[in-house]
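Novice: So I've got this file, query_28.txt, and it contains compact mmCIF, C-alpha atoms:
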# COMPACT_ATOMS: atom_id res chain seq x y z
CA MET A 1 -149.16 205.12 120.42
CA LYS A 2 -146.83 206.51 117.74
CA ARG A 3 -144.78 203.87 115.94
CA LEU A 4 -141.06 204.35 115.83
CA GLY A 5 -139.09 203.43 112.77
CA VAL A 6 -136.52 204.47 110.23
CA ALA A 7 -137.56 207.51 108.24
CA SER A 8 -138.35 206.88 104.58
CA PRO A 9 -135.77 208.27 102.17
CA SER A 10 -136.78 211.51 100.49
CA LEU A 11 -137.40 211.73 96.77
CA GLU A 12 -134.26 213.84 96.49
CA MET A 13 -132.17 211.15 98.19
CA LEU A 14 -133.64 208.46 95.94
CA SER A 15 -132.93 210.61 92.89
CA MET A 16 -129.32 211.14 93.96
CA PHE A 17 -128.91 207.39 94.59
CA GLY A 18 -130.36 206.61 91.17
CA ALA A 19 -128.07 209.11 89.46
CA GLU A 20 -124.99 207.68 91.19
CA LYS A 21 -126.06 204.17 90.22
CA ASP A 22 -126.43 205.21 86.58
CA LYS A 23 -123.06 206.99 86.66
CA LYS A 24 -121.49 203.76 87.91
CA LYS A 25 -123.18 201.79 85.10
CA LEU A 26 -121.83 204.29 82.58
CA CYS A 27 -118.31 204.15 84.05
CA ASP A 28 -118.33 200.34 84.19
CA ALA A 29 -119.58 199.99 80.61
CA SER A 30 -117.08 202.50 79.24
CA ARG A 31 -114.23 200.77 81.10
CA ALA A 32 -115.34 197.38 79.73
CA LEU A 33 -115.37 198.81 76.21
CA TYR A 34 -111.91 200.34 76.71
CA ASP A 35 -110.63 196.97 77.94
CA CYS A 36 -112.15 195.22 74.91
CA VAL A 37 -110.24 197.46 72.49
CA TYR A 38 -106.96 196.86 74.32
CA ILE A 39 -107.52 193.09 74.62
CA PHE A 40 -108.13 192.87 70.87
CA VAL A 41 -104.86 194.70 70.21
CA SER A 42 -102.86 192.88 72.90
CA SER A 43 -104.03 189.47 71.65
CA THR A 44 -103.19 190.41 68.07
CA ASN A 45 -99.69 191.53 69.05
CA THR A 46 -99.14 188.23 70.88
CA MET A 47 -100.08 186.37 67.69
CA PHE A 48 -97.76 188.56 65.63
CA ARG A 49 -94.82 188.00 67.99
CA MET A 50 -95.42 184.25 67.86
CA LEU A 51 -95.52 184.18 64.06
CA ASN A 52 -92.52 186.50 63.75
CA GLN A 53 -90.47 184.27 66.01
CA TYR A 54 -91.46 180.85 64.66
CA LEU A 55 -92.41 181.54 61.03
CA GLY A 56 -89.97 184.37 60.30
CA THR A 57 -92.72 186.88 59.46
CA GLU A 58 -92.32 190.61 60.12
CA PHE A 59 -95.68 191.76 61.40
CA PRO A 60 -95.38 195.13 63.20
CA ASN A 61 -96.93 195.74 66.60
CA VAL A 62 -100.40 197.28 66.49
CA VAL A 63 -100.87 200.37 68.66
CA VAL A 64 -104.16 201.69 70.04
CA ARG A 65 -104.64 205.24 68.81
CA GLU A 66 -106.53 206.84 71.64
CA ASN A 67 -107.19 210.02 69.67
CA LEU A 68 -109.18 208.00 67.12
CA GLY A 69 -112.62 206.46 67.48
CA ILE A 70 -113.34 202.85 68.38
CA LYS A 71 -114.44 202.12 64.81
CA GLU A 72 -111.22 203.47 63.27
CA ASN A 73 -109.07 201.49 65.70
CA LEU A 74 -110.93 198.24 65.06
CA GLN A 75 -110.93 198.76 61.29
CA LEU A 76 -107.15 199.21 61.35
CA LEU A 77 -106.92 196.03 63.40
CA VAL A 78 -109.11 194.10 60.94
CA SER A 79 -106.78 195.19 58.11
CA ALA A 80 -103.71 193.93 60.02
CA LEU A 81 -105.47 190.66 60.84
CA LYS A 82 -106.34 190.09 57.18
CA ASP A 83 -102.63 190.31 56.33
CA MET A 84 -101.96 187.75 59.04
CA GLN A 85 -104.76 185.51 57.75
CA GLU A 86 -103.18 185.35 54.30
CA THR A 87 -99.89 184.20 55.83
CA VAL A 88 -101.38 181.53 58.10
CA GLU A 89 -103.57 180.20 55.26
CA LEU A 90 -100.46 179.58 53.15
CA LYS A 91 -98.72 177.86 56.04
CA ASP A 92 -101.85 175.86 56.82
CA LYS A 93 -101.79 174.44 53.26
CA ASP A 94 -98.20 173.34 53.79
CA VAL A 95 -99.13 171.64 57.05
CA GLN A 96 -102.02 169.76 55.43
CA GLN A 97 -99.63 168.46 52.77
CA CYS A 98 -97.16 167.27 55.41
CA ILE A 99 -99.39 165.54 57.95
CA SER A 100 -102.37 163.19 57.72
CA GLY A 101 -105.96 164.38 57.89
CA PRO A 102 -106.65 162.74 61.29
CA LEU A 103 -103.50 164.29 62.78
CA TYR A 104 -104.45 167.71 61.41
CA ALA A 105 -107.92 167.35 62.94
CA LYS A 106 -106.38 166.61 66.34
CA ILE A 107 -104.70 170.04 66.37
CA LEU A 108 -108.11 171.71 66.13
CA GLN A 109 -109.77 169.55 68.79
CA PRO A 110 -109.83 170.94 72.36
CA VAL A 111 -107.29 168.97 74.40
CA SER A 112 -107.25 169.44 78.16
CA SER A 113 -104.89 166.65 79.21
CA MET A 114 -101.19 167.53 79.21
CA ASP A 115 -100.33 163.92 78.31
CA GLU A 116 -102.56 164.12 75.23
CA LYS A 117 -100.93 167.39 74.17
CA VAL A 118 -97.45 165.90 74.57
CA LYS A 119 -98.51 162.86 72.54
CA LEU A 120 -99.93 165.07 69.76
CA VAL A 121 -96.83 167.27 69.62
CA LYS A 122 -94.57 164.21 69.40
CA GLU A 123 -96.69 162.80 66.56
CA ILE A 124 -96.37 166.06 64.62
CA HIS A 125 -92.65 166.24 65.38
CA GLY A 126 -92.25 162.72 64.03
CA VAL A 127 -93.37 164.06 60.65
CA TYR A 128 -91.34 167.29 60.64
CA LYS A 129 -88.19 165.89 62.30
CA GLY A 130 -85.53 168.46 63.25
CA SER A 131 -85.89 170.45 66.47
CA PHE A 132 -89.17 170.63 68.33
CA ALA A 133 -89.18 174.43 67.91
CA MET A 134 -89.76 173.90 64.19
CA ILE A 135 -93.35 172.84 64.80
CA CYS A 136 -94.34 175.87 66.92
CA GLY A 137 -95.07 177.96 63.84
CA PRO A 138 -97.08 175.30 61.98
CA ILE A 139 -99.29 174.54 65.01
CA ALA A 140 -99.91 178.24 65.69
CA ALA A 141 -100.72 178.83 62.01
CA VAL A 142 -103.29 176.02 61.93
CA LEU A 143 -105.04 177.31 65.06
CA LEU A 144 -105.08 180.93 63.86
CA LYS A 145 -106.19 180.10 60.33
CA ASN A 146 -109.16 178.03 61.46
CA SER A 147 -110.24 180.61 64.06
CA ASN A 148 -110.94 183.15 61.28
CA LEU A 149 -110.42 186.07 63.64
CA PRO A 150 -110.59 188.88 61.02
CA GLU A 151 -114.11 187.86 59.95
CA LYS A 152 -115.33 187.55 63.54
CA LEU A 153 -114.10 191.02 64.45
CA GLN A 154 -115.35 192.53 61.20
CA SER A 155 -118.78 190.99 61.78
CA ALA A 156 -118.97 192.55 65.26
CA VAL A 157 -117.93 195.95 63.87
CA ARG A 158 -120.62 195.72 61.17
CA MET A 159 -123.28 195.06 63.80
CA LEU A 160 -122.32 198.28 65.57
CA MET A 161 -121.69 200.41 62.49
CA ASN A 162 -124.69 202.66 63.13
CA SER A 163 -124.04 203.09 66.83
CA PRO A 164 -122.68 206.49 67.98
CA VAL A 165 -120.50 204.58 70.43
CA MET A 166 -118.21 203.53 67.57
CA SER A 167 -117.30 207.17 66.96
CA LEU A 168 -116.33 207.76 70.58
CA ARG A 169 -112.61 208.43 71.07
CA VAL A 170 -110.90 205.50 72.79
CA GLY A 171 -109.08 207.87 75.12
CA ASP A 172 -112.42 209.22 76.35
CA LEU A 173 -113.67 205.83 77.47
CA LEU A 174 -111.98 206.10 80.85
CA MET A 175 -114.68 208.35 82.29
CA THR A 176 -114.68 209.59 85.86
CA HIS A 177 -117.87 210.60 87.67
CA ASP A 178 -116.84 214.26 87.45
CA GLU A 179 -116.22 214.02 83.70
CA ILE A 180 -119.62 212.45 83.22
CA ALA A 181 -121.29 215.27 85.14
CA LYS A 182 -119.50 217.90 83.06
CA ALA A 183 -120.39 216.13 79.80
CA LEU A 184 -124.11 216.00 80.52
CA PRO A 185 -126.21 218.58 78.66
CA GLU A 186 -127.57 221.19 81.02
CA THR A 187 -131.07 220.99 79.56
CA SER A 188 -132.83 218.55 77.26
CA THR A 189 -133.90 219.75 73.85
CA SER A 190 -137.29 218.05 73.99
CA SER A 191 -139.32 215.59 76.00
CA CYS A 192 -139.54 212.82 73.44
CA PRO A 193 -139.84 209.33 74.92
CA ALA A 194 -136.51 207.55 75.30
CA THR A 195 -137.59 204.53 73.31
CA ARG A 196 -138.40 206.59 70.24
CA THR A 197 -135.19 208.59 70.44
CA GLY A 198 -133.06 205.47 70.97
CA ALA A 199 -134.66 203.71 68.04
CA LYS A 200 -134.20 206.75 65.81
CA ALA A 201 -130.52 207.07 66.73
CA ARG A 202 -129.89 203.40 66.05
CA SER A 203 -131.62 203.46 62.67
CA GLN A 204 -129.64 206.38 61.29
CA SER A 205 -126.25 205.80 59.70
CA MET A 206 -123.62 207.58 61.79
CA PRO A 207 -121.26 209.97 59.99
CA SER A 208 -117.56 209.17 59.87
CA VAL A 209 -116.55 211.45 62.71
CA THR A 210 -114.81 211.03 66.04
CA TYR A 211 -116.65 212.16 69.14
CA SER A 212 -115.29 213.58 72.34
CA LEU A 213 -117.09 212.43 75.47
CA THR A 214 -119.10 215.64 75.55
CA SER A 215 -120.13 215.37 71.89
CA PHE A 216 -121.07 211.71 72.32
CA MET A 217 -123.28 212.50 75.30
CA ARG A 218 -125.00 215.30 73.38
CA VAL A 219 -125.69 213.03 70.40
CA VAL A 220 -127.13 210.09 72.34
CA LEU A 221 -129.05 212.29 74.77
CA GLN A 222 -130.70 214.50 72.18
CA GLY A 223 -134.37 214.62 73.06
CA GLN A 224 -133.88 212.84 76.38
CA THR A 225 -135.14 214.11 79.72
CA SER A 226 -132.53 214.66 82.42
CA LYS A 227 -134.14 211.82 84.38
CA ASN A 228 -133.16 209.10 81.93
CA SER A 229 -130.08 210.63 80.29
CA LEU A 230 -127.41 208.64 82.14
CA GLU A 231 -129.33 205.40 81.78
CA THR A 232 -129.69 205.98 78.02
CA ALA A 233 -125.98 206.68 77.52
CA ALA A 234 -125.04 203.63 79.61
CA GLY A 235 -127.40 201.52 77.49
CA TYR A 236 -125.56 202.42 74.28
CA LEU A 237 -122.21 201.50 75.80
CA GLU A 238 -123.51 198.27 77.30
CA GLU A 239 -124.97 197.27 73.94
CA ALA A 240 -121.56 197.76 72.29
CA VAL A 241 -119.85 195.68 74.99
CA LYS A 242 -122.42 192.92 74.53
CA VAL A 243 -121.62 192.73 70.80
CA LEU A 244 -117.82 192.98 71.06
CA LYS A 245 -117.21 190.85 74.16
CA PRO A 246 -117.77 187.39 72.54
CA ALA A 247 -115.24 188.18 69.79
CA CYS A 248 -112.88 189.58 72.41
CA GLU A 249 -113.09 186.40 74.49
CA ASN A 250 -112.60 184.31 71.35
CA PHE A 251 -109.37 186.20 70.58
CA GLN A 252 -108.09 185.46 74.08
CA SER A 253 -109.06 181.78 73.85
CA VAL A 254 -107.28 181.25 70.51
CA VAL A 255 -104.11 182.97 71.68
CA ARG A 256 -104.16 180.99 74.92
CA ARG A 257 -104.36 177.68 73.04
CA ALA A 258 -101.49 178.60 70.72
CA GLU A 259 -99.36 179.81 73.65
CA GLU A 260 -100.01 176.60 75.57
CA TYR A 261 -98.61 174.51 72.73
CA VAL A 262 -95.60 176.78 72.23
CA THR A 263 -94.82 176.77 75.96
CA LEU A 264 -95.15 172.99 76.09
CA ILE A 265 -92.79 172.55 73.13
CA ILE A 266 -90.14 175.03 74.25
CA ASP A 267 -90.16 174.38 78.01
CA LYS A 268 -90.82 170.65 78.24
CA LEU A 269 -89.88 168.96 74.99
CA GLN A 270 -87.00 170.89 73.49
Can the structure in the file be given as structure tokens, please?
Specialist:
Amino acid sequence: MKRLGVASPSLEMLSMFGAEKDKKKLCDASRALYDCVYIFVSSTNTMFRMLNQYLGTEFPNVVVRENLGIKENLQLLVSALKDMQETVELKDKDVQQCISGPLYAKILQPVSSMDEKVKLVKEIHGVYKGSFAMICGPIAAVLLKNSNLPEKLQSAVRMLMNSPVMSLRVGDLLMTHDEIAKALPETSTSSCPATRTGAKARSQSMPSVTYSLTSFMRVVLQGQTSKNSLETAAGYLEEAVKVLKPACENFQSVVRRAEEYVTLIIDKLQ
């Protein structure tokens, strides 16, 4: 008796499913990378606004230049952060001269309890006197100085310096499925194994150019078969996200801590 059951999917159907899955991986990775760039810039601008308001600095807003590559945008950001670092280091020295070592150390320690934060702020205010708002700048400066954000971002950029992803235009990171399909090379130039091609691309120093999506795909897919092209391109983007994401999350964490203290001082104690 003939067994009834669901028909097995054809090779063509499996191939289509695999291609769609790889397209989604590529879209997700490119979106994550796009978000990383904007989070770096948004966090930096939050720091600048805080310092401008409470320390009287005049740091200008940083703008993402979508027509430039990721590397150029992050290098511009590192330069702006180094200027900020010089300012907060000077203020940090002033703070260390004004308050005791144990009190200074408390600012850097993670504090989850609101009562403990209030107690710490009142101790610092007892040294500075005047209005509570006067200590917003010093606390923010201490947190930012000790976080050493410029070095952390610069280190991540150095790790990716030879990756073709860094030359990809920021504006091209928001890929749609249709744009990916159009960007794919129609035929592969050779049938070299993906591992060899990927290793070769990573070992070569990338020229200082900015890639469109199409150019990027052609560079990373050179020598790839059509079967693994999307997976290879997604791998490059995912690797960049993996390197940049920890620094990105660190930026957010530092800004959040500084904002929590400023909000506490202005909303509850002033």
Novice: Find the residue from A:Leu33, A:Ser253, A:Leu244, A:Asn52 that sits nearest to Val88 (chain A); use all atoms listed in the file when measuring.
Specialist: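 Ranking A:Leu33, A:Ser253, A:Leu244, A:Asn52 by distance to Val88 (chain A), first place goes to A:Asn52.
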Novice: Name the residues in contact with Ile70 (chain A) at a cut-off of 10 Å, using only C-alpha atoms, excluding same-chain residues fewer than 6 positions from it; report them as an MDAnalysis selection string.
Specialist: chainID A and resid 33:34 37 64 157 165:171 173 210:211
Novice: Those selected residues, please, written with C-alpha atoms and delivered as a short mmCIF file (atom, residue, chain, number, x, y, z; two decimals), in the coordinates of the input.
Specialist:
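Below you can see selection-v1.cif, which holds the result:
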data_model
loop_
_atom_site.label_atom_id
_atom_site.label_comp_id
_atom_site.auth_asym_id
_atom_site.auth_seq_id
_atom_site.Cartn_x
_atom_site.Cartn_y
_atom_site.Cartn_z
CA LEU A 33 -115.37 198.81 76.21
CA TYR A 34 -111.91 200.34 76.71
CA VAL A 37 -110.24 197.46 72.49
CA VAL A 64 -104.16 201.69 70.04
CA VAL A 157 -117.93 195.95 63.87
CA VAL A 165 -120.50 204.58 70.43
CA MET A 166 -118.21 203.53 67.57
CA SER A 167 -117.30 207.17 66.96
CA LEU A 168 -116.33 207.76 70.58
CA ARG A 169 -112.61 208.43 71.07
CA VAL A 170 -110.90 205.50 72.79
CA GLY A 171 -109.08 207.87 75.12
CA LEU A 173 -113.67 205.83 77.47
CA THR A 210 -114.81 211.03 66.04
CA TYR A 211 -116.65 212.16 69.14
#
Novice: Which of these, A:Leu149, A:Ile107, A:Leu144, A:Leu26, has the shortest distance to Ser79 (chain A) once you count all atoms listed in the file?
Specialist: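 The closest residue to Ser79 (chain A) is A:Leu149.
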Novice: Within 10 Å of Tyr128 (chain A), counting only C-alpha atoms, which residues qualify if same-chain residues fewer than 3 places away don't, as a CSV table (one decimal) with C-alpha atoms, in the frame of the given file?
Specialist:
chain,number,residue,atom,x,y,z
A,95,VAL,CA,-99.1,171.6,57.0
A,98,CYS,CA,-97.2,167.3,55.4
A,99,ILE,CA,-99.4,165.5,58.0
A,122,LYS,CA,-94.6,164.2,69.4
A,123,GLU,CA,-96.7,162.8,66.6
A,124,ILE,CA,-96.4,166.1,64.6
A,125,HIS,CA,-92.6,166.2,65.4
A,131,SER,CA,-85.9,170.4,66.5
A,132,PHE,CA,-89.2,170.6,68.3
A,134,MET,CA,-89.8,173.9,64.2
A,135,ILE,CA,-93.4,172.8,64.8
A,138,PRO,CA,-97.1,175.3,62.0
Novice: Just give me the gap between CA of Arg218 (chain A) and CA of Pro246 (chain A) in Å, one decimal is fine.
Specialist: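 Atom-to-atom, CA of Arg218 (chain A) to CA of Pro246 (chain A), that is 28.8 Å.
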Novice: Could you jot down the CA of Glu58 (chain A) to CA of Gln85 (chain A) separation for me, Å, one decimal place?
Specialist: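 Between these atoms lies a distance of 13.7 Å.
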Novice: Which of these residues is nearest to Leu55 (chain A), using only C-alpha atoms: A:Ala141, A:Ile266, A:Ala247, A:Leu160?
Specialist: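 Comparing A:Ala141, A:Ile266, A:Ala247, A:Leu160 against Leu55 (chain A), the winner is A:Ala141.
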Novice: Figure out the distance between CA of Gly69 (chain A) and CA of Ser215 (chain A), please, to one decimal in Å.
Specialist: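 Between these atoms lies a distance of 12.5 Å.
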Novice: Need to verify the contact set: Asp22 (chain A), 6 Å, only C-alpha atoms, exclusion of same-chain residues closer than 2 positions in sequence. Can you return it as an MDAnalysis selection string?
Specialist: chainID A and resid 19:20 24:25 230:231
Novice: Determine the nearest neighbour of Met159 (chain A) from the options A:Met50, A:Cys248, A:Val62, A:Ala240, counting only C-alpha atoms.
Specialist: A:Ala240
Novice: Select, from A:Leu213, A:Leu143, A:Asn61, A:Ala32, the residue with the minimum atom-to-atom distance to Thr46 (chain A), counting all atoms listed in the file.
Specialist: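 Under the stated criterion, the closest residue is A:Asn61.
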Novice: Could you list, as a list in words, every residue within 9 Å of region 47-49 of chain A, counting all atoms listed in the file and ignoring same-chain residues fewer than 4 positions away?
Specialist: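 In the requested form, the answer reads Ser42, Ser43, Gln53, Tyr54, Thr57, Glu58, Phe59, Pro60, Asn61, Met84, Ala140, Leu144, Val255, Ala258 and Glu259 of chain A.
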Novice: At a cut-off of 12 Å around the point (-114.7, 186.2, 70.4) (file coordinates), what residues fall inside when counting all atoms listed in the file? I'd like the answer as a list in words.
Specialist: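 Counting all atoms listed in the file, I find these residues within 12 Å of (-114.7, 186.2, 70.4): Cys36, Ile39, Phe40, Ser43, Ser147, Asn148, Leu149, Pro150, Glu151, Lys152, Leu153, Gln154, Ser155, Ala156, Val241, Lys242, Val243, Leu244, Lys245, Pro246, Ala247, Cys248, Glu249, Asn250, Phe251, Gln252, Ser253, Val254 and Val255 of chain A.
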Novice: For region 80-91 of chain A, what centre and edge lengths in Å (one decimal) does the axis-aligned box get once 5 Å is added on each side of all its listed atoms, as AutoDock Vina command-line options?
Specialist:
--center_x -102.5 --center_y 185.9 --center_z 57.0 --size_x 17.6 --size_y 26.1 --size_z 17.7
Novice: Return the single residue from A:Leu90, A:Glu260, A:Ala29, A:Lys117 that is closest to Tyr236 (chain A), with distances computed using only C-alpha atoms.
Specialist: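 Distance minimum relative to Tyr236 (chain A) lands on A:Ala29.
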